Amino acid sequence: MAGKRFTVRGRSIRWREGRYRQRGRRLQTRPLRPRPVLDTLIAIGVSLFAGGLVFCMALLLLGAHKVPLHFGYGAILGGVIACSFVFGPRDRAGLMIVGGLIVVWVLGTTGLYLSRDQIVLHPHEHHSAVAGYAPRKTD
């Protein structure tokens, strides 16, 4: 017995018996109309939102590990830009978002670097774990 006994095993899951009629008619979608104003507004909003989130992460790095704010901001946002360029869509809207992120990256890192002397975190006046504890004297 050479060959397959049942042809059903060789068929794909989507195969159905019947006429050969649906193969040529696929749903054809029209290309989207260009929306430059809306794409620009979305790119600006997404870039500012991502810059704000990265700034919060850089503040956490500054408070926890004493990483300078401009270094943490530049490194994290640089990684976000690289990942969005590699893994993101290559259409016009995706490239506009990457361009907006690059502008926010350069301006934010430059601004944080120039104002690095004025950024000071205060330790909330807690010098040690037992600073607030004062033993009572009993006479």
# chains A, B, ... in the order shown; residues from 1 in each chain; ligands from 1

$ residues_around --residues "Ser47 in chain A" --least-positions-apart "3" --cutoff "6 Å" --atoms "only C-alpha atoms" --output "list of chain:residue names"
A:Ala43, A:Ile44, A:Ala50, A:Gly100, A:Leu101

$ write_last_selection --atoms "N, CA and C atoms" --output "compact mmCIF listing (two decimals), in the first residue's frame"
# COMPACT_ATOMS: atom_id res chain seq x y z
N ALA A 43 1.22 62.13 17.11
CA ALA A 43 2.66 61.96 17.34
C ALA A 43 3.15 62.88 18.45
N ILE A 44 2.66 64.11 18.50
CA ILE A 44 3.06 65.05 19.56
C ILE A 44 2.57 64.54 20.91
N ALA A 50 5.15 59.74 26.45
CA ALA A 50 6.29 58.84 26.67
C ALA A 50 7.43 59.56 27.38
N GLY A 100 9.13 62.49 16.76
CA GLY A 100 8.74 63.27 17.94
C GLY A 100 9.47 62.81 19.19
N LEU A 101 9.67 61.50 19.31
CA LEU A 101 10.41 60.99 20.45
C LEU A 101 11.87 61.45 20.43

$ closest_residue --among "A:Lys137, A:Arg116, A:Arg92, A:His70" --to "Leu32 in chain A" --atoms "only C-alpha atoms"
A:Arg92

$ atom_distance --atom1 "CA of Gly88 in chain A" --atom2 "CA of Ile42 in chain A"
15.2 Å

$ closest_residue --among "A:Gly63, A:Gly111, A:Gly72, A:Gly94" --to "Thr40 in chain A" --atoms "only C-alpha atoms"
A:Gly94

$ residues_around --residues "Leu112 in chain A" --least-positions-apart "2" --cutoff "10 Å" --atoms "only C-alpha atoms" --output "count of residues only"
17

$ closest_residue --among "A:Met57, A:Val46, A:Val67, A:Gly52" --to "Val98 in chain A" --atoms "only C-alpha atoms"
A:Val46

$ residues_around --residues "Ala82 in chain A" --least-positions-apart "4" --cutoff "12 Å" --atoms "only C-alpha atoms" --output "NGL selection string"
:A and (74-78 or 86-88 or 95 or 98-99 or 101-102 or 105)

$ write_last_selection --atoms "all heavy atoms" --output "compact mmCIF listing (two decimals), in the first residue's frame"
# COMPACT_ATOMS: atom_id res chain seq x y z
N GLY A 74 18.09 60.13 29.46
CA GLY A 74 18.62 59.91 28.12
C GLY A 74 18.78 58.44 27.78
O GLY A 74 18.48 58.02 26.65
N ALA A 75 19.20 57.64 28.74
CA ALA A 75 19.40 56.21 28.48
C ALA A 75 18.07 55.49 28.29
O ALA A 75 17.92 54.70 27.35
CB ALA A 75 20.18 55.58 29.63
N ILE A 76 17.11 55.77 29.14
CA ILE A 76 15.82 55.06 29.03
C ILE A 76 15.10 55.49 27.76
O ILE A 76 14.58 54.65 27.01
CB ILE A 76 14.96 55.31 30.28
CG1 ILE A 76 15.61 54.70 31.51
CG2 ILE A 76 13.57 54.73 30.09
CD1 ILE A 76 14.92 55.06 32.80
N LEU A 77 15.03 56.79 27.50
CA LEU A 77 14.31 57.24 26.30
C LEU A 77 15.05 56.84 25.03
O LEU A 77 14.42 56.57 24.02
CB LEU A 77 14.08 58.75 26.35
CG LEU A 77 13.04 59.29 25.37
CD1 LEU A 77 11.71 58.57 25.55
CD2 LEU A 77 12.86 60.77 25.53
N GLY A 78 16.37 56.76 25.08
CA GLY A 78 17.11 56.24 23.92
C GLY A 78 16.75 54.79 23.64
O GLY A 78 16.61 54.39 22.48
N VAL A 86 12.80 49.79 15.81
CA VAL A 86 13.02 48.42 15.32
C VAL A 86 11.72 47.64 15.25
O VAL A 86 11.43 46.98 14.25
CB VAL A 86 14.05 47.70 16.22
CG1 VAL A 86 14.12 46.23 15.90
CG2 VAL A 86 15.41 48.34 16.08
N PHE A 87 10.91 47.71 16.31
CA PHE A 87 9.72 46.87 16.39
C PHE A 87 8.44 47.57 15.96
O PHE A 87 7.42 46.92 15.80
CB PHE A 87 9.53 46.34 17.82
CG PHE A 87 10.67 45.50 18.28
CD1 PHE A 87 11.45 45.89 19.37
CD2 PHE A 87 10.98 44.32 17.63
CE1 PHE A 87 12.49 45.12 19.81
CE2 PHE A 87 12.04 43.55 18.06
CZ PHE A 87 12.79 43.94 19.14
N GLY A 88 8.46 48.88 15.81
CA GLY A 88 7.25 49.62 15.46
C GLY A 88 6.96 49.60 13.98
O GLY A 88 7.73 49.10 13.17
N LEU A 95 6.80 56.62 11.86
CA LEU A 95 8.03 57.42 11.74
C LEU A 95 7.86 58.81 12.32
O LEU A 95 8.81 59.38 12.85
CB LEU A 95 8.46 57.49 10.28
CG LEU A 95 8.91 56.15 9.67
CD1 LEU A 95 9.24 56.32 8.20
CD2 LEU A 95 10.08 55.58 10.42
N VAL A 98 8.37 58.34 16.04
CA VAL A 98 9.80 58.19 16.35
C VAL A 98 10.51 59.54 16.24
O VAL A 98 11.36 59.88 17.07
CB VAL A 98 10.45 57.14 15.42
CG1 VAL A 98 11.95 57.14 15.56
CG2 VAL A 98 9.91 55.77 15.74
N GLY A 99 10.14 60.33 15.24
CA GLY A 99 10.73 61.67 15.11
C GLY A 99 10.39 62.56 16.29
O GLY A 99 11.24 63.31 16.80
N LEU A 101 9.67 61.50 19.31
CA LEU A 101 10.41 60.99 20.45
C LEU A 101 11.87 61.45 20.43
O LEU A 101 12.45 61.75 21.48
CB LEU A 101 10.36 59.46 20.49
CG LEU A 101 9.07 58.82 20.98
CD1 LEU A 101 9.12 57.32 20.78
CD2 LEU A 101 8.83 59.16 22.42
N ILE A 102 12.44 61.53 19.23
CA ILE A 102 13.83 62.01 19.12
C ILE A 102 13.92 63.46 19.54
O ILE A 102 14.86 63.86 20.26
CB ILE A 102 14.35 61.78 17.69
CG1 ILE A 102 14.55 60.28 17.45
CG2 ILE A 102 15.66 62.52 17.46
CD1 ILE A 102 14.89 59.92 16.03
N TRP A 105 13.59 63.60 23.26
CA TRP A 105 14.82 63.05 23.84
C TRP A 105 15.93 64.09 23.86
O TRP A 105 16.57 64.31 24.89
CB TRP A 105 15.23 61.82 23.02
CG TRP A 105 16.46 61.11 23.46
CD1 TRP A 105 16.82 60.78 24.72
CD2 TRP A 105 17.48 60.60 22.62
NE1 TRP A 105 18.01 60.09 24.72
CE2 TRP A 105 18.43 59.97 23.43
CE3 TRP A 105 17.69 60.60 21.25
CZ2 TRP A 105 19.56 59.36 22.93
CZ3 TRP A 105 18.81 59.99 20.73
CH2 TRP A 105 19.74 59.39 21.58
